[in-house]
Each structure stands twice: as structure tokens, then as C-alpha cells.
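Student: Sharing a structure here in C-alpha cells format.
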Amino acid sequence: MLNLSAFEERRTSEGRLVGVRAFFALMFAGLAVVFWILQVLQNAKYEGLADSNYLRTIPLRAPRGVLFDRHGKVLVENRHSFTIAVLREATKDLNQTIQKIADATGVPEPTIREAIERRRREPLFRPLPVIEHASFEQVAAVEVRRRELPEVLVQQVPTRNYPPDRMAAHLFGYVGEIQEAQLAQTEFSELSQGAVIGQAGVERTYNRDLQGVDGDRYVVVNSRGREIDELNEVAPVDGRRLQLTIDYDVQKALEDSFRVGNHNGAAAFLDPNTGEILAMTSLPAFDPNAFAVGINGSAWSRLLTDPLRPLTNRLIQGTYSPGSTFKVVMAVAGLMDGAITPETTFYCPGQATFYGRVFKCLGHHGSLDLRHAIERSCNIYFYNVGQRLGIDAINKYATMLGLTGKTGIDLPNEEPSLVPSTEWARLNRKSAPKWYPGETISVAIGQGAVSVTPMSLATMIATVANGGSLVTPHLVRAVDEGGGWVPRPVATPKYAIHIPPNSMQAIRDGLWAVVNGEAGTARRSKIAGRDVAGKTGTSQLVSLERKAQAARAGMDVRDHGFFVFFAPRDNPEIAGVVFAEHGAHGSDAAYIAKHAIETYFAKRDGLPLPVLVPPGTPAVPAPAVPSRVIAQVPGVRTQASSQ
Amino acid sequence: MIDRRLVPHLDWSLIAALLALTLIGLVTIYSVTWDRVAGGPGNEFWMQLYALPVAIGALFLCLLIDYRVLAQRSFFIYAALVAALLYVAYFGAVRGGSRRWIDLGPGNLQPSEFARIALALSLAMFFGDSRRSARSMAELLFSGVIVVVPFYLIMRQPDLGTAATLLPVYLGVVYLAGLRLRWIAIAAVVLALLSPVIWSYGLQDYQRERIEMFIDPSKDPRGAGYQQIQAKITVGSGGLYGKGPLNSTQGGYGFLPVAHNDFVFSVFAEEYGFLGVIVALGLYLFVIVRSLDAATMARDRVGGMLVVAIVSGFGFQVLYNITMSAGLAPVKGLTLPLMSYGGSSLVATLAGFGLILNVRMRRFTN
């Protein structure tokens, strides 16, 4: 074996060298094929993967339009809030990341986990907000751990900033992330997941104006998720500014007034000539700021399950018996229909029989005309008016005064009001599709099948105040589309009654006496020199017989109080409604209205704004009426409604 | 010292190809390490640039002395290598968990990079000079011991990748020395049978993990499989013409780790596309074939074996690295000769080619 000849050996080694060459040539050819497949045949696939590695689209949220009050005061604006977000794509161990964030910020781990869990279906490249509305300390704590936590981002997001104390919460509404069902609607067809839209109130109705157009930043990121270059930026377009019809001071006075008396309820003040709403509220309210920073699940369910239903806008979503405030409608209808004249008198013996049934009055008023009947809220008088009119005439004028259907206010989810008619009875009564004349008597004092929203009562009294031209209540005066304020067109009245002057005067006199007369039910709300005219009403929740039983069951059975008004009497410039939930009596509602009305006039005349006197303070503004007297005042509460 | 008559026999085309590949590597390192903030290439680029003249110097140094003189002194060279490796084992600089370097102040020396040359000289001397044949089992085993000592020392660093590059050097020499093909077949079968045992006892956890990830990289796309997936994306996104210099997104933005080093070819493929790859592969193949010419021309067995030893080590490493660059081989810390960042590697590689040029240049000398 060792004795190979040199020749043989050379031949072997040459042959083997050829083998080595062939081996390498073959291998390199193979590599060329591999690169051909990867780079040419599968190029598109890998190019896409490479692009998604380093290209990021970062949404830039457009600041929503600023809301001003009618005098230019800023009501709702935007502020920058910090959001701490996790880029899941860049996380190695999500649990560890959560734990580190929790350590740094002091936010409990489960809260962070829940925030991620809630949005786990979103794409991995989208930063998931885990701490919204973060404090400066939290932001700083995360920033100093940049190297340790490259997957955690701090984003600046324009966030809605609403006034404190839940002011006008239902008016403004709130914003929130678009829901999946909404994405399918044509209105939001340009939006994508994660967009923030108005979900209630003006934010919802005027969302198109307010939302602006979100922008995008196209950036290059490195493997640690850090932005290293910006390719392009499509700047967001700010939402349009809106000038609301609201007067900040009146609004505040109104809400303060509710709060001081510890009342829940609703109210709306408007300009009876235009329908512009100067102030409106519904209490209890929610804090829209909580929604602006992304409300969490438990806070949301607390709001939903709260027995006082703070999310409901009682002004337009609650329907109630209007009680004696409905007598204003009866007066207008009676006069216009010719059933009565201002001088028509009826005798009130304290009770009367209609269609074989006894209907009661709270007083024994004797013979009185329309003016006095309104002042003293005599049931017998209006029973008679109702009997003469019949239900369909009542329905006709109630409709022309805005008390049926929706008022058309520019807020979402308004409930329709109902004043019955024979047609209504025919369509809605399954077993006995028929209206009974006896029912008309109850309707005449705002009981029975009458069910209206406080807003529709405000529309009614404003329409009466301006002489019969139906107003459409609205909240926006002007929009800035970029070139200054453009007034919003005012809707032409759907109906106009044209109440004759002598009729008008009688109604005004009667309503003035309610507030200013010796025996008026709203005497406590008298404002010297302002000639407030109004009418109280009490909405009975349950009949007297069932009251005790319901109270034992834990229900709040106290009656609701209503007050509708306008002022000044002869040339009204403000009108409205106050609804005091479980306020027991309309006079409570009237007293709530007083401070806000005073504020309105003081502001108009450039006087110092009135200071609210808390209840229990001895210095009760004139006229000081002992509560004992109030208790004796014939109210609108009527046993007759318990049929 | 050098005979003037030898100069015309110098293989300039091989030198040109080597320099071309080195420059391609430099340009790619320039691009990968580009610092957007500072607006210049990273430190690695300058280190590599400074290493280039040293490497060219090493190449010419290896030309000057007749390779036979070197081969005759290969025992001393081998002893020096083992001494250096032992020194590293006890006093070497530790980086990334491995003890591979001798700290030289401004730079580092990685002795294991020179193991191949020392081994090539020793084995060429062993088989070529004494007319030993690899047909004898005894010779085969004895020469095996020559390999195993540095192999073990390097593997212990731990640096299995570099250690593994010693095997093709050995295989190349014994193949040329007449190793029976039957034995190669038997060895392959034995290795296949032993592979479960090697899997269980012969590999570290991280090595097993790397192989597992190679088989299914999607199993752990953030961990061990990450580099492999990203390597494929890097190469594949290059397309036919590439993204152009400085336009690497995968390497430039750090999605592909150690892009200037182990994965330099991936980034090269990303920036210059399939056409660039064909040029680079062509150059590498040219270098290998041209070097093998030198083996054929060599005036003696020592020369031929020396060339084959060096080319085998070089060729194996090139093939493995490029396959890995395309995401088709388990990720090993194995650099691409001539192109990857690493001064020691460049110096050692060019020194090796100095020897090959040496053999070719002195083919007529006696």
C-alpha cells in the first residue's frame, strides 16, 4: 500500500482535484438557485414582510372642535393627555412588561392586564393604551426606563376637557371609541377602528363638524420599535368650532340652584322668539371627562346600574304627567277654539260630576274667570273647558304648541311626547280601541294618558310666550367652517297659532298672578321688577291609594314638581321649564328657576350676578312666605286622577 | 529576499478577486453600520479598513518565504498555535460568554482564526513530505491527533463554529492523500448512527436549540428562530436589483442582528439583489477554482496539499455562511471569509491565500 508509484499517485490526486472542483461548482450553482428562488420568485412575499418590519403608521388624532357659549366663553376644549401604551409587537414577554409598568407607575397589574385584554383583538403593531390620562410622575417613571422598556410608548393625545362639576353633561354628551356596530354605518364610513367619535349629546349630533379629520404619520422604526425617521405626515385637521346658544352664567346658576336644594331633575331655559336654549340640565349627571380619557368597565357598569340613571337625559328622555302646567295648553285651546272667552266663568264648589263620575278640586274657589282659574289652578274650571273642547281639539292645540311627538331639539335619542286623541286610542288600544269622554276630564288637568318630556313643556311655554309661533329648541348658534362664524339657519315654525291680543293678555295675566299674586302657587319665585309669569304643576307618580303600598316597597313615591314660565310678562325674552324630580310640588321647581332667572336679567342689565342663598338661611328673599301658607295653597294635586 | 524572476508568476487575477470581495465586504459593512445621527459609518467599518493593509501585508509576507521552508518549520508554527490557544484558555479576553481573544490594547487577536493555516501547513508536511498515504489507518489516526488538539481547545472557548472549520481542512488533505472513499462512506454511516448519542450528550443546550429552531423557526419567532426568519426576509426582500447602497432596512434598522458580521452576505443580497449575489458567488467560485489550479500546478505534494487544505477550509466556511445567510442553515457564529467584519479573520484569510499564491508562484522553482 505504501509502494504506490509516483505516477499512480499523481493520477489519483489529479482526479481528486477535479472532484473537489466539481464539488464546489455544484454547491455554488445550488446556492445561486436558492437565491434565485428567494430573491426573484418569492420577492414579493419577503418585501411585504420587510416593509411591515420597519414601516409604521401612527394615527394623529385631530383635536375636536372647541365649544363656546353664546358670549364666546370656552365651554369645552382640548388638552393634551398622556397615554402610556404597549406595542405588543415589540414585547418579548408580555407578563414581564406588565409587571414592569406596574412597578414603575404604581398602577395595579390586573388593571393593566385588563386594559390589554380588552383590546387583544387589535393588530399587534397598534400601540395598546394601558394607562390613559397618565400623571406626569407616571410618564417620567416610564421615560427613565426607556432602555429597559423599549416596547412601552408615551403618546400625547388631544383629549376633551369639559367644565368641572359635571356641568351640562347631557348637553355636551361624551366621546368614546367607535363601536363595531357603528363602523358599519354610512355616517362613519371614513373612520376606522380606534377612532374617537361623539357618543352622546352635542358631541354626537354635531360629530361631523366637531371631529375633524385624523392625520397619519408614516415613520420608520428600528428593531426596538424606536422611531428613527419620518417619511411623511398628513397633518390632522381640527374639528370645527361651534358656538352654542348656552349662556354659561345662566347654566351655572341653574345647576347651582338644583344642587343647593339637593334636587334631581331637569330644566331648559330658552329664548321664546328663536328657540335658542340658554341653559339646560339633567340631574343627576355623569362626568364627561371620565369618558374623554376612556372609561373603564367598572365605572361604566356603575353608571348603567345606578338606580338614579345618571346617563338618562331626563329633559328629553323622561316622560311625565305635566300636571297643572297643562292648564296653559287648555287655556290656549279653549280660547282659540272658542270654547271659552277670557271672561267665561265657571263655579267651583270643590268637586263636580262629569259623565257620572266625581272629579275633585283642591280648593273651593267659587265663581272664577280664566285669569283667576289659572292663578289658583282651579281644576273644576279646566274640567269644564276640557268637556267643551273634547279630546281631539285638545290634541290639536297641544300639537301646535309642540307637546306631541318630538321637539326636534338637536340632541340624539329624544323621546316623543304624548297627548292622546281618539285616533291615538283607536290605533293603540288593543282590547277596546276607543276613547272615553270621561278620560278627557283627567287630561284637562294634565293627568291620565298625557305623558310629555320636560323639553316639550319648555317648547310649549316658549310658544305661548311668543304669541303662538312654534319654536324648535336648539343648541348651536353658529359654526366656524374655517372662515369665521356662520349662523345656523333657524327652522321655520311648523305651526303658528296667532293668539289674539285679548286672549294673550288674559293668559299672561293669569300666569303673572301665579308668581306675583296673593294666592299664586309660585309666589316664592317672585322677582321684583321682572314680571315673571308661570305655572306650577305636580306630576303624581301613583294614586293616593297605592302610595302607601308603594312606599313600603321602597319606591320613591314623592311627586314630581314642574314649573313653566316666561319673563318679562309683556315682552318675553326668556321662557322655560324646571322639573324637580320627587320635588313634591311645583313650587319647589319654581324656586329652583328663580335664581337662574335672576341671573339672566342681572347679566342682561350688566348688574352684579346674584349670589345663591343656601336654604335654611334666614334672609329669604322677598316675598317671604311662611311654609305653612304654602301648604295651604291649593295645589294641582288631584285625587280625581286616580280613576 | 524575493527572486525577481518570480514576480511574473504571481497570480494577479486571484489577488484582484480577493481584493474585490474584500471591498464588497467593506462597502456592506459601511452601509450596515451607518449611523443616522452621526451621519457616518460605524466604528466597525474603520476597524476593518485599518485591518486591510495589515492583511495585505500578511498576504505578501506569506509570499516571500518559500512555502517549503514554512512547511518544514510547521511543527514550530503548530506549537506556537497550541501555546496561543492555551494562553487564551487561561488569560483570554471574555466577550459574549466566550473566551476567544488576546487583548492587544487597540485591537484584539483571535488565534483560532490562524489555526487553519497552521493546521494546513502541518498536515501538508505530514502527508506531502514523507509520502505518507491516507490509506493507512495508523497515519489517518495520527494525523487526526494533529487536528483534535486545536479543535478541542477552540471548541472549549466555546466556539464550535470556528472549530468545525478545521474539519474540512483535514478532510481536504486526507482526501487528496488518497483516503479510500469506502471509509468515507463508513464514517458517514457511523456518524448517522451515532447522531442520537451526539444529540443527547455531545451538544450544549443552546446548540440543540439552534438546530431545533432551524427545523422549525416559527416555533420561537422572537427567540432563536428570529435570526433565521429575518435572514430570509432580508435576502428575499432584495429582489433582482436590490434596494441599493445604504438602503438596507433589515440590516440598517437592526431587524437582522450581527448584520455586519455573521449576516453580512444577507445585507449584501438585500442591497444589491440577485445580480449582486451572482457576482459575489462568481468571485468566490473563481477564487476557489483558481486556487485549485495552483494545487494542480504545484511542483510537489506538499504544495498541492497545502493549497487543498486552505481552500477546503475557506470553501466550506463560505458555503456554510452563505447558506446560513439565506436562512437555510442553523445559525452558527461563523463569519464569511473576506466579507465579514473581523480583522483577525481577514488577516488570516489573506495570509492563507498568500501561501496559495506562494505555491503557484514557485511552481517552477527547485
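In the C-alpha cells, each chain is lettered A, B, ... as it comes, each chain's residues begin at 1, and ligands are numbered from 1 in order of appearance.
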Could you please write out, as a PyMOL selection string, every residue of region 183-248 of chain A that DSSP assigns to strand (DSSP E or B)?
Tutor: chain A and resi 196-198+213+215-221+227-234+237+241-244
Student: Could you save the residues just selected, with N, CA and C atoms, as a compact mmCIF listing (two decimals), in the first residue's frame?
Tutor:
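Listed below is the output, out.txt:
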```txt
# COMPACT_ATOMS: atom_id res chain seq x y z
N VAL A 196 -62.14 58.10 17.59
CA VAL A 196 -62.95 58.59 18.69
C VAL A 196 -64.06 59.46 18.12
N ILE A 197 -65.27 59.16 18.50
CA ILE A 197 -66.41 59.93 17.98
C ILE A 197 -67.30 60.37 19.14
N GLY A 198 -68.18 61.32 18.86
CA GLY A 198 -69.15 61.73 19.85
C GLY A 198 -70.17 60.62 20.02
N VAL A 213 -60.51 65.80 10.90
CA VAL A 213 -60.01 64.67 10.14
C VAL A 213 -58.70 64.22 10.77
N GLY A 215 -55.13 62.61 11.23
CA GLY A 215 -53.98 62.55 10.34
C GLY A 215 -53.21 61.26 10.56
N ASP A 216 -52.14 61.13 9.83
CA ASP A 216 -51.30 59.95 9.95
C ASP A 216 -49.86 60.37 9.87
N ARG A 217 -49.02 59.68 10.61
CA ARG A 217 -47.59 59.86 10.45
C ARG A 217 -47.04 58.54 9.96
N TYR A 218 -46.27 58.61 8.92
CA TYR A 218 -45.64 57.40 8.41
C TYR A 218 -44.19 57.46 8.85
N VAL A 219 -43.82 56.54 9.67
CA VAL A 219 -42.48 56.61 10.24
C VAL A 219 -41.72 55.30 10.02
N VAL A 220 -40.42 55.44 10.15
CA VAL A 220 -39.54 54.28 10.09
C VAL A 220 -39.12 53.97 11.52
N VAL A 221 -39.26 52.73 11.88
CA VAL A 221 -38.83 52.36 13.22
C VAL A 221 -37.72 51.32 13.11
N GLU A 227 -38.68 55.15 16.89
CA GLU A 227 -38.82 55.91 15.65
C GLU A 227 -37.48 56.49 15.28
N ILE A 228 -37.05 56.27 14.04
CA ILE A 228 -35.76 56.86 13.67
C ILE A 228 -35.89 57.77 12.48
N ASP A 229 -37.01 57.76 11.81
CA ASP A 229 -37.14 58.65 10.67
C ASP A 229 -38.63 58.84 10.39
N GLU A 230 -38.93 60.01 9.84
CA GLU A 230 -40.31 60.26 9.48
C GLU A 230 -40.38 60.38 7.98
N LEU A 231 -41.26 59.58 7.36
CA LEU A 231 -41.34 59.61 5.91
C LEU A 231 -42.29 60.69 5.43
N ASN A 232 -43.40 60.79 6.15
CA ASN A 232 -44.45 61.67 5.65
C ASN A 232 -45.41 61.92 6.80
N GLU A 233 -46.02 63.08 6.77
CA GLU A 233 -47.02 63.33 7.78
C GLU A 233 -48.22 64.00 7.13
N VAL A 234 -49.36 63.38 7.34
CA VAL A 234 -50.60 64.02 6.90
C VAL A 234 -51.19 64.64 8.16
N VAL A 237 -56.74 67.63 10.69
CA VAL A 237 -57.49 68.87 10.51
C VAL A 237 -58.38 69.04 11.74
N ARG A 241 -65.22 74.75 15.12
CA ARG A 241 -65.66 75.36 16.37
C ARG A 241 -67.17 75.57 16.31
N LEU A 242 -67.81 75.37 17.43
CA LEU A 242 -69.25 75.58 17.49
C LEU A 242 -69.55 76.65 18.53
N GLN A 243 -70.45 77.56 18.17
CA GLN A 243 -70.94 78.49 19.17
C GLN A 243 -72.30 78.00 19.63
N LEU A 244 -72.37 77.65 20.90
CA LEU A 244 -73.63 77.15 21.43
C LEU A 244 -74.53 78.32 21.81
```
Student: Compile a residue-level contact table for chain A against chain B at a cut-off of 6 Å, reporting for every qualifying residue the shortest atom pair and its distance in Å to one decimal, with only C-alpha atoms counted, rows ordered by chain and ascending number, as a tab-separated table.
Tutor:
```
residue	atom	partner	partner_atom	distance
A:Ser13	CA	B:Leu176	CA	5.5
A:Leu38	CA	B:Gly236	CA	4.8
A:Gln39	CA	B:Gly236	CA	4.3
A:Val40	CA	B:Gly239	CA	5.4
A:Asn43	CA	B:Gly236	CA	5.1
A:Tyr46	CA	B:Ser237	CA	4.8
A:Glu47	CA	B:Ser237	CA	4.1
A:Asn222	CA	B:Tyr253	CA	4.4
A:Ser223	CA	B:Phe255	CA	4.8
```
Student: CA of Ala118 (chain B) and CA of Phe76 (chain B), how far apart in Å?
Tutor: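 Separating CA of Phe76 (chain B) from CA of Ala118 (chain B) is a distance of 9.3 Å.
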Student: Among region 404-542 of chain A, which residues does DSSP mark as helix (DSSP H, G or I) when it is run on the backbone? Keep the chain and numbering as in the structure and answer as number ranges by chain.
Tutor: A: 422-428, 437-443, 454-465, 501-516, 523-525
Student: Could you write out the selected residues, including N, CA and C atoms, as a short mmCIF file (atom, residue, chain, number, x, y, z; two decimals), in the first residue's frame?
Tutor:
```cif
data_model
loop_
_atom_site.label_atom_id
_atom_site.label_comp_id
_atom_site.auth_asym_id
_atom_site.auth_seq_id
_atom_site.Cartn_x
_atom_site.Cartn_y
_atom_site.Cartn_z
N THR A 422 -108.60 60.62 19.85
CA THR A 422 -109.42 59.44 19.53
C THR A 422 -108.67 58.55 18.55
N GLU A 423 -107.95 59.18 17.64
CA GLU A 423 -107.15 58.43 16.67
C GLU A 423 -106.10 57.59 17.39
N TRP A 424 -105.46 58.23 18.37
CA TRP A 424 -104.43 57.52 19.15
C TRP A 424 -105.04 56.31 19.84
N ALA A 425 -106.23 56.53 20.43
CA ALA A 425 -106.90 55.44 21.16
C ALA A 425 -107.24 54.30 20.20
N ARG A 426 -107.68 54.67 19.01
CA ARG A 426 -108.06 53.66 18.03
C ARG A 426 -106.85 52.81 17.61
N LEU A 427 -105.71 53.48 17.47
CA LEU A 427 -104.52 52.78 16.98
C LEU A 427 -103.79 52.00 18.08
N ASN A 428 -103.89 52.49 19.32
CA ASN A 428 -103.03 51.92 20.35
C ASN A 428 -103.73 51.06 21.38
N PRO A 437 -115.08 59.67 26.84
CA PRO A 437 -115.14 61.10 27.13
C PRO A 437 -114.69 61.41 28.56
N GLY A 438 -114.97 60.52 29.48
CA GLY A 438 -114.56 60.75 30.86
C GLY A 438 -113.06 60.95 31.01
N GLU A 439 -112.31 60.30 30.15
CA GLU A 439 -110.85 60.43 30.21
C GLU A 439 -110.41 61.85 29.89
N THR A 440 -111.19 62.52 29.03
CA THR A 440 -110.85 63.87 28.63
C THR A 440 -110.77 64.79 29.85
N ILE A 441 -111.62 64.51 30.85
CA ILE A 441 -111.66 65.36 32.03
C ILE A 441 -110.31 65.31 32.77
N SER A 442 -109.75 64.10 32.87
CA SER A 442 -108.43 63.96 33.51
C SER A 442 -107.35 64.66 32.70
N VAL A 443 -107.44 64.46 31.38
CA VAL A 443 -106.43 65.06 30.51
C VAL A 443 -106.43 66.58 30.68
N PRO A 454 -90.03 67.08 29.69
CA PRO A 454 -89.87 68.46 30.16
C PRO A 454 -89.53 69.41 29.01
N MET A 455 -88.75 68.90 28.04
CA MET A 455 -88.37 69.76 26.92
C MET A 455 -89.59 70.21 26.12
N SER A 456 -90.55 69.31 25.96
CA SER A 456 -91.72 69.70 25.18
C SER A 456 -92.54 70.74 25.94
N LEU A 457 -92.51 70.68 27.27
CA LEU A 457 -93.19 71.71 28.05
C LEU A 457 -92.51 73.06 27.87
N ALA A 458 -91.18 73.03 27.80
CA ALA A 458 -90.45 74.28 27.57
C ALA A 458 -90.81 74.86 26.21
N THR A 459 -90.92 73.97 25.22
CA THR A 459 -91.30 74.42 23.88
C THR A 459 -92.70 75.03 23.91
N MET A 460 -93.57 74.37 24.65
CA MET A 460 -94.95 74.84 24.75
C MET A 460 -95.00 76.25 25.35
N ILE A 461 -94.33 76.44 26.48
CA ILE A 461 -94.44 77.72 27.16
C ILE A 461 -93.74 78.82 26.35
N ALA A 462 -92.65 78.45 25.66
CA ALA A 462 -91.97 79.43 24.81
C ALA A 462 -92.88 79.84 23.66
N THR A 463 -93.61 78.88 23.11
CA THR A 463 -94.52 79.17 22.00
C THR A 463 -95.67 80.06 22.46
N VAL A 464 -96.19 79.76 23.65
CA VAL A 464 -97.24 80.61 24.21
C VAL A 464 -96.68 82.01 24.43
N ALA A 465 -95.46 82.09 24.96
CA ALA A 465 -94.86 83.38 25.29
C ALA A 465 -94.71 84.26 24.05
N PRO A 501 -104.73 89.28 20.77
CA PRO A 501 -104.15 90.05 21.88
C PRO A 501 -104.94 89.93 23.19
N ASN A 502 -106.27 89.99 23.11
CA ASN A 502 -107.01 89.95 24.38
C ASN A 502 -106.90 88.59 25.05
N SER A 503 -106.87 87.53 24.23
CA SER A 503 -106.67 86.18 24.79
C SER A 503 -105.28 86.09 25.41
N MET A 504 -104.32 86.59 24.66
CA MET A 504 -102.93 86.55 25.11
C MET A 504 -102.80 87.25 26.45
N GLN A 505 -103.48 88.40 26.53
CA GLN A 505 -103.37 89.20 27.75
C GLN A 505 -103.95 88.45 28.95
N ALA A 506 -105.05 87.76 28.71
CA ALA A 506 -105.67 87.01 29.81
C ALA A 506 -104.74 85.90 30.31
N ILE A 507 -104.13 85.21 29.36
CA ILE A 507 -103.21 84.13 29.77
C ILE A 507 -102.02 84.71 30.52
N ARG A 508 -101.49 85.80 29.97
CA ARG A 508 -100.34 86.43 30.63
C ARG A 508 -100.69 86.89 32.05
N ASP A 509 -101.87 87.49 32.17
CA ASP A 509 -102.29 87.97 33.48
C ASP A 509 -102.40 86.82 34.47
N GLY A 510 -103.04 85.77 34.03
CA GLY A 510 -103.22 84.61 34.91
C GLY A 510 -101.87 84.05 35.34
N LEU A 511 -100.98 83.88 34.37
CA LEU A 511 -99.67 83.29 34.69
C LEU A 511 -98.84 84.25 35.56
N TRP A 512 -99.04 85.57 35.32
CA TRP A 512 -98.30 86.54 36.14
C TRP A 512 -98.75 86.43 37.59
N ALA A 513 -100.05 86.26 37.76
CA ALA A 513 -100.60 86.18 39.11
C ALA A 513 -100.14 84.93 39.85
N VAL A 514 -99.83 83.87 39.09
CA VAL A 514 -99.34 82.65 39.74
C VAL A 514 -98.06 82.94 40.52
N VAL A 515 -97.24 83.79 39.93
CA VAL A 515 -95.95 84.11 40.57
C VAL A 515 -96.08 85.35 41.46
N ASN A 516 -96.89 86.30 41.00
CA ASN A 516 -96.90 87.59 41.68
C ASN A 516 -98.16 87.85 42.52
N ARG A 523 -95.44 81.87 44.39
CA ARG A 523 -95.11 83.17 44.99
C ARG A 523 -93.65 83.26 45.42
N ARG A 524 -93.11 82.15 45.81
CA ARG A 524 -91.73 82.15 46.31
C ARG A 524 -90.74 82.57 45.22
N SER A 525 -91.17 82.48 43.99
CA SER A 525 -90.24 82.76 42.89
C SER A 525 -90.41 84.17 42.34
#
```
Student: Just checking: using only C-alpha atoms, which residue out of A:Ile527, A:Ile98, A:Leu67, A:Leu418 ends up closest to Ala602 (chain A)?
Tutor: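 Answer, going by the shortest atom-to-atom distance: A:Ile527.
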Student: Please identify all polymer residues within 9 Å of region 339-341 of chain B, counting only C-alpha atoms, omitting same-chain residues fewer than 2 positions from it, and present them as a PyMOL selection string.
Tutor: chain B and resi 21-26+28-29+44-45+47-48+259-265+335-337+343+345-346
